[in-house]
>>> print(open('protein09.cif').read())   # mmCIF, C-alpha atoms and all ligand atoms
data_structure
loop_
_atom_site.label_atom_id
_atom_site.label_comp_id
_atom_site.auth_asym_id
_atom_site.auth_seq_id
_atom_site.Cartn_x
_atom_site.Cartn_y
_atom_site.Cartn_z
CA MET A 1 0.00 0.00 0.00
CA ARG A 2 1.42 3.38 -1.00
CA LEU A 3 1.10 6.17 1.58
CA THR A 4 0.59 9.78 0.52
CA PRO A 5 3.34 12.36 1.28
CA ASP A 6 1.08 13.73 4.03
CA GLN A 7 0.77 10.28 5.61
CA VAL A 8 4.54 9.73 5.42
CA SER A 9 5.09 13.03 7.20
CA LEU A 10 2.41 12.20 9.82
CA GLN A 11 4.12 8.86 10.43
CA ALA A 12 7.52 10.56 10.81
CA ARG A 13 6.12 13.08 13.32
CA ALA A 14 4.61 10.24 15.32
CA ALA A 15 7.88 8.26 15.23
CA THR A 16 9.78 11.30 16.54
CA LEU A 17 7.42 11.82 19.50
CA SER A 18 7.45 8.10 20.22
CA GLU A 19 11.25 7.80 20.24
CA ARG A 20 12.07 11.15 21.90
CA LEU A 21 9.49 11.27 24.67
CA VAL A 22 7.17 8.28 24.94
CA ARG A 23 9.86 5.56 25.01
CA GLN A 24 11.52 6.98 28.14
CA ARG A 25 8.23 7.02 30.04
CA ALA A 26 6.99 3.51 29.19
CA ALA A 27 8.71 1.57 32.01
CA GLU A 28 7.66 4.10 34.65
CA ILE A 29 4.05 4.14 33.47
CA ASP A 30 4.07 0.33 33.77
CA ARG A 31 5.71 0.40 37.22
CA THR A 32 3.48 3.07 38.78
CA GLY A 33 0.26 2.13 36.98
CA GLU A 34 -0.55 5.83 36.76
CA TYR A 35 -2.42 7.22 33.77
CA PRO A 36 0.12 9.38 31.87
CA TRP A 37 -1.46 12.84 31.78
CA ASP A 38 1.87 14.35 30.62
CA ILE A 39 1.78 12.10 27.54
CA VAL A 40 -1.84 13.11 26.93
CA GLU A 41 -0.66 16.73 26.80
CA ALA A 42 2.14 15.84 24.37
CA LEU A 43 -0.29 13.94 22.11
CA LYS A 44 -2.66 16.89 22.25
CA ALA A 45 0.09 19.34 21.32
CA GLU A 46 0.98 17.20 18.28
CA GLY A 47 -2.67 16.97 17.21
CA PHE A 48 -2.84 13.19 17.70
CA LEU A 49 -6.00 13.28 19.85
CA GLY A 50 -9.27 13.49 17.94
CA MET A 51 -7.55 13.50 14.52
CA THR A 52 -10.56 11.71 13.01
CA ILE A 53 -13.04 14.29 14.30
CA PRO A 54 -14.39 16.39 11.39
CA LYS A 55 -12.77 19.75 10.75
CA GLU A 56 -15.97 21.69 11.41
CA LEU A 57 -15.88 20.36 14.99
CA GLY A 58 -12.25 21.34 15.54
CA GLY A 59 -10.64 18.05 14.45
CA GLN A 60 -8.60 17.34 11.34
CA GLY A 61 -11.04 15.07 9.49
CA ARG A 62 -8.33 12.44 9.18
CA SER A 63 -8.97 8.85 8.11
CA PHE A 64 -8.75 5.71 10.25
CA LEU A 65 -5.64 4.78 8.23
CA ASP A 66 -4.00 8.05 9.34
CA ALA A 67 -4.81 7.20 12.96
CA VAL A 68 -3.42 3.68 12.47
CA LEU A 69 -0.09 5.13 11.29
CA VAL A 70 0.22 7.13 14.52
CA ILE A 71 -0.96 4.25 16.76
CA GLU A 72 1.68 1.92 15.28
CA GLN A 73 4.48 4.38 16.05
CA MET A 74 3.32 4.93 19.64
CA ALA A 75 2.94 1.19 20.28
CA ARG A 76 6.59 0.61 19.29
CA SER A 77 7.44 2.45 22.52
CA CYS A 78 4.46 2.37 24.91
CA THR A 79 1.23 0.40 24.74
CA VAL A 80 -0.73 2.70 27.05
CA THR A 81 0.08 5.72 24.86
CA ALA A 82 -0.99 3.83 21.74
CA ARG A 83 -4.30 2.88 23.37
CA ILE A 84 -4.96 6.53 24.21
CA VAL A 85 -4.57 7.34 20.50
CA VAL A 86 -6.93 4.48 19.59
CA GLU A 87 -9.66 5.56 21.97
CA THR A 88 -9.53 9.25 21.14
CA ASN A 89 -9.89 8.52 17.42
CA MET A 90 -11.94 5.31 17.15
CA GLY A 91 -14.68 3.38 18.95
CA ALA A 92 -16.92 5.55 21.14
CA ILE A 93 -15.86 8.86 19.59
CA SER A 94 -16.45 7.62 16.07
CA ALA A 95 -19.87 6.21 17.04
CA ILE A 96 -20.82 9.64 18.39
CA MET A 97 -19.46 11.39 15.29
CA ALA A 98 -21.50 9.04 13.05
CA TYR A 99 -24.78 8.84 14.96
CA GLY A 100 -24.80 11.73 17.43
CA THR A 101 -26.88 14.88 17.30
CA GLU A 102 -25.08 18.14 16.55
CA LYS A 103 -25.00 18.92 20.28
CA GLN A 104 -23.61 15.49 21.21
CA ARG A 105 -20.95 15.67 18.51
CA ARG A 106 -19.84 19.12 19.69
CA LEU A 107 -19.71 18.02 23.32
CA ALA A 108 -17.70 14.87 22.52
CA ALA A 109 -15.33 16.72 20.18
CA GLU A 110 -14.65 19.38 22.80
CA LEU A 111 -13.90 16.82 25.52
CA VAL A 112 -11.64 14.64 23.37
CA LEU A 113 -9.71 17.51 21.83
CA ASP A 114 -9.13 18.76 25.37
CA GLY A 115 -7.57 15.41 26.37
CA ASP A 116 -10.43 13.12 27.42
CA LYS A 117 -10.30 9.45 26.44
CA PRO A 118 -13.94 8.32 26.23
CA ALA A 119 -14.96 5.03 27.84
CA ILE A 120 -17.16 2.49 26.11
CA CYS A 121 -19.24 0.42 28.52
CA ILE A 122 -20.57 -2.84 27.12
CA THR A 123 -19.19 -5.80 29.11
CA GLU A 124 -20.87 -7.03 32.29
CA PRO A 125 -19.95 -9.81 34.72
CA GLY A 126 -22.54 -12.08 33.09
CA ALA A 127 -22.27 -10.72 29.54
CA GLY A 128 -18.82 -10.92 27.92
CA SER A 129 -18.66 -12.60 24.51
CA ASP A 130 -22.45 -12.77 24.64
CA ALA A 131 -22.67 -8.99 24.93
CA ALA A 132 -26.30 -8.88 23.80
CA SER A 133 -27.32 -10.68 26.99
CA MET A 134 -26.46 -7.58 29.04
CA THR A 135 -28.80 -6.80 31.92
CA THR A 136 -28.17 -3.08 32.54
CA ARG A 137 -31.60 -1.46 32.16
CA ALA A 138 -32.57 1.94 30.81
CA GLU A 139 -36.18 2.67 31.79
CA LYS A 140 -38.11 5.56 30.31
CA ARG A 141 -39.54 7.86 32.98
CA GLY A 142 -41.08 11.04 31.62
CA ASP A 143 -38.67 12.56 29.12
CA ARG A 144 -35.60 10.77 30.45
CA TYR A 145 -34.09 7.32 30.90
CA VAL A 146 -33.04 5.92 34.26
CA LEU A 147 -30.15 3.45 34.18
CA ASN A 148 -29.41 0.71 36.68
CA GLY A 149 -26.74 -1.98 36.31
CA ARG A 150 -23.09 -2.88 36.48
CA LYS A 151 -20.29 -3.02 33.91
CA HIS A 152 -16.79 -4.34 34.32
CA TRP A 153 -13.45 -4.24 32.46
CA ILE A 154 -14.16 -0.69 31.37
CA THR A 155 -11.01 0.90 29.98
CA GLY A 156 -10.39 4.32 31.46
CA ALA A 157 -12.57 3.77 34.55
CA GLY A 158 -11.78 6.63 36.88
CA VAL A 159 -9.94 8.75 34.28
CA SER A 160 -12.45 9.04 31.43
CA CYS A 161 -15.08 11.79 31.57
CA LEU A 162 -17.30 10.85 28.64
CA HIS A 163 -18.97 7.43 28.86
CA LEU A 164 -20.92 5.66 26.15
CA ILE A 165 -23.05 3.16 28.06
CA PHE A 166 -24.96 0.30 26.42
CA ALA A 167 -28.19 -0.78 28.12
CA ARG A 168 -31.46 -2.63 27.45
CA VAL A 169 -34.14 -0.07 26.79
CA PHE A 170 -37.69 -0.27 28.20
CA ASP A 171 -40.55 2.09 27.49
CA GLU A 172 -42.94 3.45 30.15
CA ARG A 173 -45.15 0.35 29.86
CA GLY A 174 -42.14 -1.87 30.55
CA GLU A 175 -41.94 -3.12 26.96
CA GLU A 176 -38.41 -3.84 25.77
CA LEU A 177 -37.31 -1.79 22.75
CA GLY A 178 -33.78 -3.16 22.15
CA ILE A 179 -30.29 -2.05 23.17
CA GLY A 180 -29.37 1.61 23.12
CA GLY A 181 -26.41 3.90 23.75
CA PHE A 182 -26.48 6.56 26.49
CA LEU A 183 -23.94 9.30 27.09
CA ALA A 184 -22.92 10.34 30.60
CA ILE A 185 -20.16 12.51 31.96
CA ARG A 186 -18.41 11.24 35.08
CA GLY A 187 -18.51 13.87 37.80
CA GLU A 188 -21.63 15.52 36.38
CA ALA A 189 -23.89 12.47 36.22
CA GLU A 190 -24.98 11.39 39.69
CA GLY A 191 -25.38 7.65 39.92
CA LEU A 192 -22.30 6.71 37.87
CA VAL A 193 -19.69 5.36 40.27
CA VAL A 194 -16.37 3.59 39.71
CA THR A 195 -16.50 0.77 42.24
CA ARG A 196 -13.27 -1.13 41.61
CA ARG A 197 -10.00 -1.05 39.71
CA GLU A 198 -8.97 -4.37 38.20
CA PRO A 199 -5.39 -5.45 38.95
CA THR A 200 -4.19 -6.33 35.45
CA MET A 201 -1.33 -8.40 34.05
CA GLY A 202 -0.16 -5.63 31.72
CA LEU A 203 -1.18 -2.27 30.21
CA CYS A 204 -0.68 -1.03 33.74
CA GLY A 205 -1.06 2.72 33.25
CA MET A 206 -4.50 2.29 31.68
CA PRO A 207 -7.09 1.65 34.38
CA GLU A 208 -9.62 -1.12 33.85
CA GLY A 209 -12.51 -0.98 36.25
CA GLU A 210 -16.00 -1.74 37.35
CA LEU A 211 -18.78 0.84 37.12
CA THR A 212 -22.17 0.79 38.76
CA PHE A 213 -25.17 2.81 37.69
CA THR A 214 -27.73 3.54 40.38
CA ASP A 215 -30.73 5.50 39.16
CA LEU A 216 -28.44 7.26 36.70
CA GLU A 217 -30.66 9.80 34.92
CA ILE A 218 -29.99 10.36 31.23
CA PRO A 219 -31.77 13.38 29.75
CA PRO A 220 -33.15 13.07 26.21
CA GLU A 221 -30.28 15.04 24.67
CA MET A 222 -27.78 12.39 25.89
CA VAL A 223 -29.47 9.41 24.20
CA LEU A 224 -27.36 8.20 21.26
CA LEU A 225 -29.94 6.97 18.81
CA PRO A 226 -28.59 5.43 15.58
CA PRO A 227 -30.68 5.87 12.40
CA SER A 228 -32.26 2.43 12.76
CA GLY A 229 -33.54 3.20 16.27
CA PHE A 230 -33.29 0.95 19.31
CA ARG A 231 -34.42 -2.23 17.54
CA ARG A 232 -31.32 -2.48 15.35
CA GLY A 233 -29.37 0.19 17.21
CA PHE A 234 -27.02 -2.29 18.86
CA ALA A 235 -25.83 -3.52 15.45
CA ASP A 236 -25.19 0.08 14.33
CA LEU A 237 -23.37 0.96 17.52
CA MET A 238 -21.28 -2.21 17.36
CA ASN A 239 -20.45 -1.38 13.75
CA ALA A 240 -18.52 1.63 15.04
CA TYR A 241 -16.50 -0.84 17.09
CA ASN A 242 -14.89 -2.14 13.88
CA SER A 243 -12.69 0.94 13.90
CA GLN A 244 -11.58 0.15 17.45
CA ARG A 245 -10.81 -3.45 16.43
CA VAL A 246 -8.46 -2.22 13.73
CA GLY A 247 -6.92 0.14 16.29
CA ALA A 248 -6.43 -2.66 18.82
CA GLY A 249 -4.84 -4.92 16.18
CA THR A 250 -2.51 -2.04 15.30
CA VAL A 251 -1.42 -1.64 18.91
CA ALA A 252 -0.49 -5.35 18.96
CA MET A 253 1.37 -5.00 15.64
CA GLY A 254 3.22 -1.89 16.89
CA ILE A 255 4.33 -3.70 20.06
CA ALA A 256 5.64 -6.52 17.84
CA ALA A 257 7.49 -4.01 15.64
CA GLY A 258 9.15 -2.53 18.74
CA ALA A 259 10.06 -5.99 20.05
CA LEU A 260 11.61 -6.96 16.72
CA GLU A 261 13.74 -3.78 16.75
CA HIS A 262 15.01 -4.64 20.23
CA ALA A 263 15.70 -8.24 19.19
CA LEU A 264 17.62 -7.18 16.08
CA ALA A 265 19.83 -4.75 18.00
CA TRP A 266 20.47 -7.41 20.67
CA ALA A 267 21.24 -10.12 18.09
CA LYS A 268 23.92 -7.86 16.61
CA SER A 269 25.50 -6.76 19.89
CA ARG A 270 25.30 -9.80 22.22
CA GLU A 271 28.22 -12.18 21.72
CA GLN A 272 28.46 -15.85 22.65
CA PHE A 273 30.94 -18.41 21.38
CA GLY A 274 33.07 -15.45 20.29
CA ARG A 275 30.55 -14.09 17.76
CA PRO A 276 27.31 -12.03 17.70
CA ILE A 277 24.35 -14.32 18.38
CA GLY A 278 22.74 -12.96 15.17
CA GLU A 279 25.33 -15.01 13.25
CA PHE A 280 23.57 -18.23 14.32
CA GLN A 281 21.15 -19.44 11.68
CA GLY A 282 18.71 -20.62 14.37
CA LEU A 283 18.14 -16.99 15.33
CA GLN A 284 18.35 -15.63 11.77
CA TRP A 285 15.36 -17.75 10.73
CA MET A 286 13.47 -16.70 13.84
CA LEU A 287 14.08 -13.05 12.95
CA ALA A 288 13.03 -13.67 9.34
CA ASP A 289 9.78 -15.29 10.46
CA MET A 290 9.09 -12.42 12.88
CA GLN A 291 9.56 -9.89 10.07
CA THR A 292 7.33 -11.89 7.70
CA GLN A 293 4.51 -12.11 10.22
CA LEU A 294 4.87 -8.42 11.00
CA THR A 295 4.66 -7.38 7.35
CA ALA A 296 1.56 -9.52 6.81
CA SER A 297 -0.08 -8.02 9.92
CA ARG A 298 0.72 -4.48 8.84
CA LEU A 299 -0.71 -4.99 5.34
CA MET A 300 -3.91 -6.54 6.68
CA LEU A 301 -4.40 -3.72 9.20
CA TYR A 302 -3.72 -0.94 6.71
CA ALA A 303 -6.15 -2.56 4.24
CA ALA A 304 -8.82 -2.95 6.93
CA ALA A 305 -8.37 0.65 8.11
CA ASP A 306 -8.74 1.85 4.53
CA SER A 307 -11.90 -0.21 3.89
CA HIS A 308 -15.60 0.51 4.34
CA GLY A 309 -18.32 -1.87 5.43
CA PRO A 310 -21.42 -2.49 3.27
CA ASN A 311 -24.29 -0.02 2.69
CA GLY A 312 -22.21 3.15 2.87
CA SER A 313 -20.88 2.37 6.35
CA PRO A 314 -18.40 5.00 7.57
CA PHE A 315 -16.54 2.25 9.45
CA PRO A 316 -14.05 -0.42 8.35
CA ASP A 317 -15.42 -3.60 6.82
CA PRO A 318 -16.30 -5.96 9.74
CA ASN A 319 -14.84 -9.00 8.00
CA LEU A 320 -11.51 -7.36 7.16
CA ALA A 321 -11.33 -5.77 10.63
CA ALA A 322 -11.93 -9.15 12.31
CA GLN A 323 -9.36 -10.95 10.14
CA ALA A 324 -6.76 -8.24 10.70
CA LYS A 325 -7.30 -8.19 14.47
CA ILE A 326 -7.08 -11.97 14.82
CA PHE A 327 -4.00 -12.29 12.63
CA ALA A 328 -2.11 -9.30 14.05
CA SER A 329 -2.86 -10.06 17.72
CA GLU A 330 -1.88 -13.74 17.44
CA ALA A 331 1.23 -12.95 15.37
CA ALA A 332 2.25 -10.22 17.82
CA ILE A 333 2.12 -12.60 20.81
CA LYS A 334 4.45 -14.97 18.93
CA ILE A 335 6.80 -12.21 17.73
CA VAL A 336 7.16 -10.68 21.20
CA ASN A 337 7.68 -14.13 22.73
CA ASP A 338 10.46 -14.88 20.22
CA ALA A 339 12.06 -11.48 20.80
CA LEU A 340 12.09 -12.24 24.53
CA GLN A 341 13.78 -15.59 23.76
CA ILE A 342 16.51 -13.84 21.78
CA PHE A 343 17.26 -11.71 24.87
CA GLY A 344 17.88 -14.86 26.95
CA ALA A 345 17.70 -14.22 30.72
CA ARG A 346 17.57 -10.47 30.15
CA GLY A 347 14.29 -10.96 28.34
CA TYR A 348 12.88 -12.20 31.63
CA SER A 349 14.18 -9.19 33.58
CA ARG A 350 12.11 -6.19 34.60
CA GLY A 351 15.18 -4.11 33.70
CA PHE A 352 14.55 -4.70 29.98
CA PRO A 353 11.39 -3.88 27.98
CA LEU A 354 10.59 -7.35 26.61
CA GLU A 355 8.79 -8.71 29.67
CA ARG A 356 6.54 -5.62 29.75
CA MET A 357 5.79 -6.03 26.05
CA ALA A 358 4.98 -9.72 26.59
CA ARG A 359 2.49 -8.85 29.35
CA ASP A 360 0.95 -6.00 27.36
CA VAL A 361 0.56 -7.86 24.07
CA ARG A 362 -1.26 -10.80 25.65
CA MET A 363 -4.43 -8.75 25.96
CA PHE A 364 -5.14 -8.25 22.29
CA THR A 365 -6.69 -11.65 21.54
CA ILE A 366 -9.18 -10.97 24.38
CA GLY A 367 -10.36 -7.35 24.63
CA GLY A 368 -12.56 -5.89 21.91
CA GLY A 369 -13.93 -9.25 20.70
CA THR A 370 -11.98 -12.42 21.44
CA ALA A 371 -10.13 -14.27 18.68
CA GLN A 372 -12.78 -17.01 18.92
CA ILE A 373 -15.78 -14.68 18.62
CA LEU A 374 -14.18 -12.89 15.67
CA ARG A 375 -13.65 -16.28 13.98
CA ASN A 376 -17.39 -16.93 14.46
CA LEU A 377 -18.10 -13.65 12.67
CA ILE A 378 -15.83 -14.52 9.74
CA ALA A 379 -17.27 -18.07 9.48
CA SER A 380 -20.81 -16.71 9.49
CA ARG A 381 -20.01 -14.43 6.57
CA LEU A 382 -18.12 -17.13 4.71
CA LEU A 383 -20.97 -19.61 5.00
CA GLY A 384 -23.68 -17.04 4.57
CA TRP A 385 -25.40 -18.44 7.68
CA LYS A 386 -26.46 -16.82 10.91
CA LEU A 387 -24.56 -18.64 13.65
CA PRO A 388 -26.30 -17.89 16.95
CA GLN A 389 -24.34 -19.61 19.70
CA THR A 390 -27.18 -20.49 22.06
CA ARG A 391 -28.11 -24.19 22.24
CA ASP A 392 -31.61 -23.63 20.89
CA GLY A 393 -30.77 -20.90 18.42
CA TYR A 394 -28.92 -22.64 15.56
CA LEU A 395 -30.53 -21.35 12.40
CA ARG A 396 -29.44 -21.17 8.79
C1 LIG B 401 -7.71 -5.07 28.95
C2 LIG B 401 -9.14 -5.20 28.59
C3 LIG B 401 -9.86 -4.06 28.26
C4 LIG B 401 -11.22 -4.13 28.02
N1 LIG B 401 -11.91 -2.97 27.76
C5 LIG B 401 -13.25 -3.01 27.64
C6 LIG B 401 -13.99 -1.79 27.52
O1 LIG B 401 -13.43 -0.69 27.50
N2 LIG B 401 -15.35 -1.87 27.45
C7 LIG B 401 -16.00 -3.06 27.48
O2 LIG B 401 -17.22 -3.05 27.40
N3 LIG B 401 -15.34 -4.23 27.60
C8 LIG B 401 -13.97 -4.24 27.69
N4 LIG B 401 -13.27 -5.41 27.84
C9 LIG B 401 -14.00 -6.67 27.96
C10 LIG B 401 -13.85 -7.57 26.73
O3 LIG B 401 -14.54 -7.04 25.65
C11 LIG B 401 -14.31 -8.96 27.15
O4 LIG B 401 -13.33 -9.46 28.04
C12 LIG B 401 -14.48 -9.91 25.97
O5 LIG B 401 -15.58 -9.54 25.19
C13 LIG B 401 -14.65 -11.37 26.43
O6 LIG B 401 -15.59 -11.48 27.45
P1 LIG B 401 -15.21 -12.31 28.77
O7 LIG B 401 -13.92 -11.79 29.28
O8 LIG B 401 -16.37 -12.26 29.69
O9 LIG B 401 -14.95 -13.79 28.28
P2 LIG B 401 -16.06 -14.93 28.08
O10 LIG B 401 -17.14 -14.43 27.20
O11 LIG B 401 -16.42 -15.50 29.38
O12 LIG B 401 -15.23 -16.01 27.24
C14 LIG B 401 -14.30 -16.93 27.83
C15 LIG B 401 -13.65 -17.72 26.71
O13 LIG B 401 -14.64 -18.47 25.98
C16 LIG B 401 -14.56 -18.16 24.61
N5 LIG B 401 -15.93 -18.18 24.04
C17 LIG B 401 -17.05 -17.61 24.54
N6 LIG B 401 -18.08 -17.81 23.72
C18 LIG B 401 -17.63 -18.54 22.68
C19 LIG B 401 -18.19 -19.06 21.49
N7 LIG B 401 -19.49 -18.88 21.20
N8 LIG B 401 -17.40 -19.74 20.62
C20 LIG B 401 -16.07 -19.93 20.90
N9 LIG B 401 -15.48 -19.45 22.01
C21 LIG B 401 -16.23 -18.77 22.88
C22 LIG B 401 -13.96 -16.76 24.54
O14 LIG B 401 -13.34 -16.51 23.29
C23 LIG B 401 -12.95 -16.83 25.68
O15 LIG B 401 -11.77 -17.45 25.24
C24 LIG B 401 -11.88 -5.38 28.06
C25 LIG B 401 -11.16 -6.54 28.34
C26 LIG B 401 -9.80 -6.46 28.60
C27 LIG B 401 -9.04 -7.71 28.93
#
>>> encode(input="protein09.cif", output="structure tokens", more="lines below")
Ligand SMILES: Cc1cc2nc3c(=O)[nH]c(=O)nc-3n(C[C@H](O)[C@H](O)[C@H](O)COP(=O)(O)OP(=O)(O)OC[C@H]3O[C@@H](n4cnc5c(N)ncnc54)[C@H](O)[C@@H]3O)c2cc1C
Amino acid sequence: MRLTPDQVSLQARAATLSERLVRQRAAEIDRTGEYPWDIVEALKAEGFLGMTIPKELGGQGRSFLDAVLVIEQMARSCTVTARIVVETNMGAISAIMAYGTEKQRRLAAELVLDGDKPAICITEPGAGSDAASMTTRAEKRGDRYVLNGRKHWITGAGVSCLHLIFARVFDERGEELGIGGFLAIRGEAEGLVVTRREPTMGLCGMPEGELTFTDLEIPPEMVLLPPSGFRRGFADLMNAYNSQRVGAGTVAMGIAAGALEHALAWAKSREQFGRPIGEFQGLQWMLADMQTQLTASRLMLYAAADSHGPNGSPFPDPNLAAQAKIFASEAAIKIVNDALQIFGARGYSRGFPLERMARDVRMFTIGGGTAQILRNLIASRLLGWKLPQTRDGYLR
């Protein structure tokens, strides 16, 4: 894929910030587990937050492929930084840009361009892969909706202001209308409380947490209603998630690219048996395989980012996004693991970056649609069959 001169220059700017500032902060962010507000400011100053927001709302109207180029460069140095770029350009913010009212779009644009990373709240303790079985309720009372329920594994819990919350919608007679999206601002919306921070294996500066909603009142202007209404609204809202999937796959690929760079430098400088370890063919073939997998991942992600789903969708094609995320996240786990092997004992040390990368990269076959659920999606499209996973729901 040929990048435009503007994209090459965007990529170079991102690489400079990544290598000059972000790389030095990565180990400390991991050690302290603190959200890096200084990095947020640096990303903001470079215009890397809200790049995909339309120009008329103060953004740059950039494409998902542009965002992917920046995410890759950040992930070479620091996974948390790369995820901030994902979530200020894709996912919740792009759903709001596509389906929001003028007022909602302005509000979201203002918050993100000022440094907020929106949170997307879908997963519940009893509803993970089977997201549509969520139990959080939004009940219509007068002109507003009242939300009650609990979400967990919400990225940005306790640091994000803007929340896009998914809930089952009921009208005043108690009739269920479908699943809808509701916007709430932490601090302003009473009834939205962060109840727990999850102690995670990696990605330590990015809080994952549990949220509870207790009689959380959502006024009519904060209901995110896609064009197809509540009945098919969940499908529309989840369609926006295809951008986030491409972003997540890119973070994994960027970590792998960074790990390969470390491994190459180490293979040239570390000597055993009186010669650089990179002179051993056993490692040369490992490095060649790592590079091959990386190139394939990059091409799939760029193609997915540059694609559009059916029926004029503003989001990447679901099938290409799923394939790219599966391939890149699984390849990245293998590449980082091999890079760690090339470092020998030092790969296992907290004094070197490989162990952090190995912990961070492990997430990407899980969050944002597991590798198994994405395979179900691809198989369903391949076969042309609906593949409901409930015991009684198998239909062609
Ligand atoms: C770091 C991180 C960040 C996250 N951020 C967010 C966020 O911001 N917002 C949010 O809403 N959620 C978030 N999540 C939650 C994430 O989307 C869920 O973890 C994911 O959807 C899987 O749900 P689960 O963990 O409950 O696993 P389960 O659904 O319990 O699945 C367990 C295992 O069974 C497999 N499985 C389940 N069903 C099937 C099937 N039908 N066929 C084959 N295999 C199957 C799964 O692939 C998995 O391997 C995050 C998760 C992580 C780890």
>>> residues_around(input="protein09.cif", residues="range 349-365 of chain A", least_positions_apart="4", cutoff="8 Å", atoms="all atoms listed in the file", output="list in words")
Ala27, Asp30, Thr79, Met201, Gly202, Leu203, Ala248, Gly249, Ala252, Ile255, Ala259, Lys325, Ile326, Ser329, Glu330, Ala332, Ile333, Val336, Asn337, Ala339, Leu340, Ala345, Gly369, Thr370 and Ala371 of chain A
>>> write_last_selection(input="protein09.cif", atoms="C-alpha atoms", output="PDB file, keeping the file's coordinate frame")
ATOM      1  CA  ALA A  27       8.710   1.570  32.010  1.00  0.00           C
ATOM      2  CA  ASP A  30       4.070   0.330  33.770  1.00  0.00           C
ATOM      3  CA  THR A  79       1.230   0.400  24.740  1.00  0.00           C
ATOM      4  CA  MET A 201      -1.330  -8.400  34.050  1.00  0.00           C
ATOM      5  CA  GLY A 202      -0.160  -5.630  31.720  1.00  0.00           C
ATOM      6  CA  LEU A 203      -1.180  -2.270  30.210  1.00  0.00           C
ATOM      7  CA  ALA A 248      -6.430  -2.660  18.820  1.00  0.00           C
ATOM      8  CA  GLY A 249      -4.840  -4.920  16.180  1.00  0.00           C
ATOM      9  CA  ALA A 252      -0.490  -5.350  18.960  1.00  0.00           C
ATOM     10  CA  ILE A 255       4.330  -3.700  20.060  1.00  0.00           C
ATOM     11  CA  ALA A 259      10.060  -5.990  20.050  1.00  0.00           C
ATOM     12  CA  LYS A 325      -7.300  -8.190  14.470  1.00  0.00           C
ATOM     13  CA  ILE A 326      -7.080 -11.970  14.820  1.00  0.00           C
ATOM     14  CA  SER A 329      -2.860 -10.060  17.720  1.00  0.00           C
ATOM     15  CA  GLU A 330      -1.880 -13.740  17.440  1.00  0.00           C
ATOM     16  CA  ALA A 332       2.250 -10.220  17.820  1.00  0.00           C
ATOM     17  CA  ILE A 333       2.120 -12.600  20.810  1.00  0.00           C
ATOM     18  CA  VAL A 336       7.160 -10.680  21.200  1.00  0.00           C
ATOM     19  CA  ASN A 337       7.680 -14.130  22.730  1.00  0.00           C
ATOM     20  CA  ALA A 339      12.060 -11.480  20.800  1.00  0.00           C
ATOM     21  CA  LEU A 340      12.090 -12.240  24.530  1.00  0.00           C
ATOM     22  CA  ALA A 345      17.700 -14.220  30.720  1.00  0.00           C
ATOM     23  CA  GLY A 369     -13.930  -9.250  20.700  1.00  0.00           C
ATOM     24  CA  THR A 370     -11.980 -12.420  21.440  1.00  0.00           C
ATOM     25  CA  ALA A 371     -10.130 -14.270  18.680  1.00  0.00           C
TER      26      ALA A 371
END
>>> residues_near_ligand(input="protein09.cif", ligand="ligand LIG 401 (chain B)", cutoff="7 Å", atoms="all atoms listed in the file", output="VMD selection string")
chain A and resid 119 to 123 125 127 to 130 152 to 155 208 363 366 to 373 376 389
>>> residues_around(input="protein09.cif", residues="range 1-16 of chain A", least_positions_apart="2", cutoff="7 Å", atoms="all atoms listed in the file", output="list in words")
Ser18, Glu19, Arg20, Asp66, Leu69, Val70, Gln73 and Met74 of chain A
>>> atom_distance(input="protein09.cif", atom1="CA of Val68 in chain A", atom2="CA of Leu382 in chain A")
26.6 Å
>>> closest_residue(input="protein09.cif", among="A:Ala167, A:Ile277, A:Ala82, A:Ala189", to="Gly149 in chain A", atoms="all atoms listed in the file")
A:Ala167
>>> atom_distance(input="protein09.cif", atom1="CA of Gly254 in chain A", atom2="CA of Trp266 in chain A")
18.5 Å
>>> atom_distance(input="protein09.cif", atom1="CA of Gly384 in chain A", atom2="CA of Asp317 in chain A")
15.9 Å
>>> closest_residue(input="protein09.cif", among="A:Val194, A:Asp171, A:Leu224, A:Tyr35", to="Ala108 in chain A", atoms="only C-alpha atoms")
A:Leu224
>>> closest_residue(input="protein09.cif", among="A:Lys117, A:Pro207, A:Ile96, A:Gly229", to="Thr32 in chain A", atoms="all atoms listed in the file")
A:Pro207
>>> residues_around(input="protein09.cif", residues="Ala288 in chain A", least_positions_apart="2", cutoff="12 Å", atoms="all atoms listed in the file", output="list in words")
Leu260, Ala263, Leu264, Gly278, Gln281, Gly282, Leu283, Gln284, Trp285, Met286, Met290, Gln291, Thr292, Gln293, Leu294, Thr295, Ile335, Asp338 and Ala339 of chain A
>>> residues_around(input="protein09.cif", residues="range 140-147 of chain A", least_positions_apart="6", cutoff="9 Å", atoms="all atoms listed in the file", output="compact mmCIF listing (two decimals) with C-alpha atoms, in the frame of the given file")
# COMPACT_ATOMS: atom_id res chain seq x y z
CA ALA A 167 -28.19 -0.78 28.12
CA VAL A 169 -34.14 -0.07 26.79
CA PHE A 170 -37.69 -0.27 28.20
CA ASP A 171 -40.55 2.09 27.49
CA GLU A 172 -42.94 3.45 30.15
CA ARG A 173 -45.15 0.35 29.86
CA GLY A 174 -42.14 -1.87 30.55
CA PHE A 182 -26.48 6.56 26.49
CA GLY A 191 -25.38 7.65 39.92
CA PHE A 213 -25.17 2.81 37.69
CA THR A 214 -27.73 3.54 40.38
CA ASP A 215 -30.73 5.50 39.16
CA LEU A 216 -28.44 7.26 36.70
CA GLU A 217 -30.66 9.80 34.92
CA ILE A 218 -29.99 10.36 31.23
CA PRO A 219 -31.77 13.38 29.75
CA PRO A 220 -33.15 13.07 26.21
CA GLU A 221 -30.28 15.04 24.67
CA VAL A 223 -29.47 9.41 24.20
